[in-house]
Amino acid sequence: MRIDQKPPGVPNAPYANRPAPLAAAAQARKRILVYTVESTWSPCPQIRLIRPFAHLADRWELIWGVKDGFLDTKAIADADLIIFHRFTPGLLPIATLQAVFASGKPVIYESDDLLNEIPHDHPEAAMGARWKEGIEYVARHAKAIVVSTQFLAEKYRHLNASIHVLPNYLDFDIFYRPVPDNRDATITIGLLGSSIQPSNFALVDQALQTLCQRYGTRLKLYFVGWECPAGWKNHPNVEFLTFIHEYENYAVQLKQWNWDIALIPLASDEYNQCKSYIKWLDYSAAGIASIFSDVSVYNEVVTHDVTGFLLPNASQAWLHAITLLIESSEKRHALAAAGQREVKADYDLGGKAALYDRVYGGLI
């Protein structure tokens, strides 16, 4: 079957038809058939599937079930497990989903976002309304759902009682940058992805305007995403960059931007509460001092004033905290160094891959 409804966040490249970077197969390996329309080099397949199972290459093999935009159903016969990834089932007719379930193979729905309830100001909101039926059909009929956070698990529990939480981890070395001891005049601040969505960016908009007026050319802002925030296009302090879809390229670029500070404002809504703390992992590994909204996704991992700042969604609080980090290179260094140590010790994927083996092995 041809899949033609490519969502706006997916780049113009072949869908997941490139082999995962796994070692030579052993006969005893279990085979997971993955249905995803996201390219194998894009962030979500990399974070949630490819990199974890690359550490388990002697036990597992990932088979990609969408090739050049076509759904491969012949591969079901040789699969031990089938995964529908993120919004992919929302692109398929219910009859096609029913045919996959009729194979009798265990089917898993896997996601790290609440993609059946996307907020109105998200770039994929219009597509999300059309994804809802297919996502919820698969979630309801799957043997299990695998998600990245407990909050997201609770949002899906009314559809399926069998839910497993596999937190996000990262391959620390590809993001690692020594914490900079920047005492230069210019300070760089970055906001990426969902941080510049209108409802989230509104939390820091006024504070950033004030800081640009106060510090002038001493301050450089990086906005990375789909659209530059309203009112900031061609601003002398701003460099706007389109979103980087290739995961490894993003890791390289994040280090090269040399951000001193990263801001992660999140409006207090259920979609944001369901997100994972992946930005804290990325930014901490890259030696960046970070400021987060004090919401469940981040306050479960960030220790305020030690591994980052956790702030209420009030403009003055953000203004005060950002000013403190601009003025104090010592504080920036302390936050970034503590976060980097903790991510290396507790969130490096190499030491956590066995969790994936345990969860997925138990579903066959």
# chains A, B, ... in the order shown; residues from 1 in each chain; ligands from 1
>>> select_by_dssp(residues="region 167-210 of chain A", states="strand (DSSP E)", output="PyMOL selection string")
chain A and resi 187-192
>>> residues_around(residues="Ala354 (chain A)", least_positions_apart="2", cutoff="10 Å", atoms="only C-alpha atoms", output="list in words")
Pro52, Phe53, His55, Leu56, Leu349, Gly350, Gly351, Lys352, Tyr356, Asp357, Arg358 and Val359 of chain A
>>> atom_distance(atom1="CA of His235 (chain A)", atom2="CA of Pro265 (chain A)")
20.5 Å
>>> residues_around(residues="Thr36 (chain A)", least_positions_apart="3", cutoff="9 Å", atoms="only C-alpha atoms", output="VMD selection string")
chain A and resid 15 to 16 39 to 40 45 64 to 66 83 to 89
>>> residues_around(residues="Asn299 (chain A)", least_positions_apart="3", cutoff="12 Å", atoms="only C-alpha atoms", output="PyMOL selection string")
chain A and resi 273+276-277+280+291-296+302-305+307-312
>>> residues_around(residues="Val224 (chain A)", least_positions_apart="2", cutoff="6 Å", atoms="only C-alpha atoms", output="list in words")
Leu192, Phe240, Leu241, Thr242 and Phe243 of chain A
>>> atom_distance(atom1="CA of Ile47 (chain A)", atom2="CA of Ala153 (chain A)")
18.0 Å
>>> closest_residue(among="A:Gln197, A:Thr73, A:Ser284, A:Ser268", to="Asp348 (chain A)", atoms="only C-alpha atoms")
A:Ser284
>>> residues_around(residues="Tyr250 (chain A)", least_positions_apart="4", cutoff="12 Å", atoms="only C-alpha atoms", output="ChimeraX atom specification")
/A:41-43,46,174-175,192-193,224,241-246,254-257,282-283,286
>>> atom_distance(atom1="CA of Ala202 (chain A)", atom2="CA of Thr323 (chain A)")
17.9 Å
>>> select_by_dssp(residues="region 216-277 of chain A", states="alpha helix (DSSP H)", output="list in words")
Tyr247, Glu248, Asn249, Tyr250, Ala251, Val252, Gln253, Leu254, Lys255, Gln256, Trp257, Glu270, Tyr271, Asn272 and Gln273 of chain A
>>> residues_around(residues="Trp131 (chain A)", least_positions_apart="6", cutoff="7 Å", atoms="only C-alpha atoms", output="JSON, numbers by chain")
{"A": [87, 90, 91, 116]}
>>> decode(residues="region 254-270 of chain A", atoms="all heavy atoms", output="CSV table (one decimal), in the first residue's frame")
chain,number,residue,atom,x,y,z
A,254,LEU,N,24.7,21.2,17.3
A,254,LEU,CA,24.5,21.7,18.6
A,254,LEU,C,25.8,22.1,19.3
A,254,LEU,O,25.9,23.1,19.9
A,254,LEU,CB,23.7,20.7,19.5
A,254,LEU,CG,23.3,21.1,20.9
A,254,LEU,CD1,22.4,22.3,20.9
A,254,LEU,CD2,22.7,20.0,21.7
A,255,LYS,N,26.8,21.3,19.1
A,255,LYS,CA,28.1,21.6,19.7
A,255,LYS,C,28.8,22.8,19.0
A,255,LYS,O,29.4,23.6,19.6
A,255,LYS,CB,29.0,20.3,19.6
A,255,LYS,CG,28.5,19.2,20.5
A,255,LYS,CD,29.4,18.0,20.3
A,255,LYS,CE,29.3,17.2,19.0
A,255,LYS,NZ,30.1,16.0,19.0
A,256,GLN,N,28.6,22.9,17.7
A,256,GLN,CA,29.2,24.0,16.9
A,256,GLN,C,28.6,25.3,17.2
A,256,GLN,O,29.2,26.3,17.0
A,256,GLN,CB,29.2,23.6,15.5
A,256,GLN,CG,30.1,22.5,15.1
A,256,GLN,CD,30.0,22.1,13.6
A,256,GLN,OE1,29.2,22.6,12.9
A,256,GLN,NE2,30.9,21.2,13.1
A,257,TRP,N,27.3,25.3,17.5
A,257,TRP,CA,26.7,26.6,17.9
A,257,TRP,C,27.3,27.3,19.1
A,257,TRP,O,27.2,28.5,19.3
A,257,TRP,CB,25.2,26.4,18.1
A,257,TRP,CG,24.4,26.2,16.8
A,257,TRP,CD1,24.6,26.6,15.6
A,257,TRP,CD2,23.2,25.4,16.7
A,257,TRP,NE1,23.7,26.2,14.7
A,257,TRP,CE2,22.8,25.4,15.4
A,257,TRP,CE3,22.4,24.6,17.6
A,257,TRP,CZ2,21.6,24.7,14.9
A,257,TRP,CZ3,21.3,24.0,17.2
A,257,TRP,CH2,20.9,24.0,15.8
A,258,ASN,N,27.8,26.5,20.0
A,258,ASN,CA,28.5,27.0,21.2
A,258,ASN,C,27.6,27.8,22.0
A,258,ASN,O,28.0,28.9,22.5
A,258,ASN,CB,29.8,27.8,20.8
A,258,ASN,CG,30.9,26.9,20.3
A,258,ASN,OD1,31.2,25.9,20.9
A,258,ASN,ND2,31.5,27.3,19.2
A,259,TRP,N,26.4,27.4,22.2
A,259,TRP,CA,25.5,28.1,23.1
A,259,TRP,C,26.0,28.1,24.5
A,259,TRP,O,26.5,27.1,25.1
A,259,TRP,CB,24.1,27.4,23.1
A,259,TRP,CG,23.4,27.5,21.8
A,259,TRP,CD1,23.7,28.2,20.7
A,259,TRP,CD2,22.1,26.8,21.5
A,259,TRP,NE1,22.8,28.0,19.7
A,259,TRP,CE2,21.8,27.2,20.2
A,259,TRP,CE3,21.3,26.0,22.2
A,259,TRP,CZ2,20.6,26.7,19.6
A,259,TRP,CZ3,20.1,25.5,21.6
A,259,TRP,CH2,19.8,25.9,20.3
A,260,ASP,N,25.8,29.3,25.2
A,260,ASP,CA,26.1,29.4,26.6
A,260,ASP,C,24.9,29.0,27.4
A,260,ASP,O,25.1,28.4,28.5
A,260,ASP,CB,26.5,30.8,26.9
A,260,ASP,CG,27.8,31.3,26.2
A,260,ASP,OD1,28.9,30.6,26.5
A,260,ASP,OD2,27.7,32.2,25.4
A,261,ILE,N,23.7,29.4,26.9
A,261,ILE,CA,22.5,29.2,27.7
A,261,ILE,C,21.4,28.6,26.7
A,261,ILE,O,21.4,29.0,25.6
A,261,ILE,CB,22.0,30.5,28.3
A,261,ILE,CG1,23.1,31.2,29.2
A,261,ILE,CG2,20.7,30.4,29.0
A,261,ILE,CD1,22.8,32.6,29.5
A,262,ALA,N,20.6,27.7,27.2
A,262,ALA,CA,19.4,27.3,26.4
A,262,ALA,C,18.2,27.5,27.3
A,262,ALA,O,18.2,27.3,28.5
A,262,ALA,CB,19.6,25.8,26.1
A,263,LEU,N,17.1,27.9,26.6
A,263,LEU,CA,15.8,28.1,27.3
A,263,LEU,C,14.8,27.1,26.8
A,263,LEU,O,14.7,26.9,25.5
A,263,LEU,CB,15.3,29.5,26.9
A,263,LEU,CG,16.3,30.7,27.2
A,263,LEU,CD1,15.6,32.0,26.9
A,263,LEU,CD2,16.8,30.7,28.6
A,264,ILE,N,14.1,26.5,27.7
A,264,ILE,CA,13.1,25.5,27.4
A,264,ILE,C,11.8,25.9,28.1
A,264,ILE,O,11.4,25.4,29.1
A,264,ILE,CB,13.5,24.1,27.8
A,264,ILE,CG1,14.9,23.8,27.1
A,264,ILE,CG2,12.5,23.1,27.3
A,264,ILE,CD1,16.0,24.2,28.0
A,265,PRO,N,11.1,26.9,27.5
A,265,PRO,CA,9.8,27.3,28.1
A,265,PRO,C,8.7,26.3,27.6
A,265,PRO,O,8.6,26.0,26.4
A,265,PRO,CB,9.5,28.7,27.5
A,265,PRO,CG,10.2,28.7,26.2
A,265,PRO,CD,11.4,27.8,26.4
A,266,LEU,N,7.8,25.9,28.5
A,266,LEU,CA,6.7,25.0,28.2
A,266,LEU,C,5.4,25.5,28.8
A,266,LEU,O,5.4,25.6,30.1
A,266,LEU,CB,7.0,23.6,28.6
A,266,LEU,CG,8.0,22.7,27.8
A,266,LEU,CD1,8.2,21.4,28.4
A,266,LEU,CD2,7.5,22.6,26.4
A,267,ALA,N,4.5,25.8,28.0
A,267,ALA,CA,3.2,26.2,28.6
A,267,ALA,C,2.6,25.0,29.3
A,267,ALA,O,2.9,23.8,29.0
A,267,ALA,CB,2.2,26.6,27.5
A,268,SER,N,1.9,25.2,30.4
A,268,SER,CA,1.3,24.1,31.2
A,268,SER,C,0.1,23.6,30.6
A,268,SER,O,-1.0,23.9,30.9
A,268,SER,CB,1.1,24.7,32.6
A,268,SER,OG,0.7,23.6,33.5
A,269,ASP,N,0.3,22.6,29.7
A,269,ASP,CA,-0.9,21.9,29.1
A,269,ASP,C,-0.5,20.4,29.0
A,269,ASP,O,0.6,20.0,29.2
A,269,ASP,CB,-1.3,22.4,27.7
A,269,ASP,CG,-0.2,22.3,26.7
A,269,ASP,OD1,0.5,21.3,26.6
A,269,ASP,OD2,0.0,23.3,26.0
A,270,GLU,N,-1.5,19.6,28.8
A,270,GLU,CA,-1.3,18.1,28.8
A,270,GLU,C,-0.3,17.6,27.7
A,270,GLU,O,0.4,16.7,28.0
A,270,GLU,CB,-2.6,17.4,28.8
A,270,GLU,CG,-3.4,17.6,30.0
A,270,GLU,CD,-4.6,16.6,30.1
A,270,GLU,OE1,-5.0,16.1,29.1
A,270,GLU,OE2,-5.1,16.4,31.2
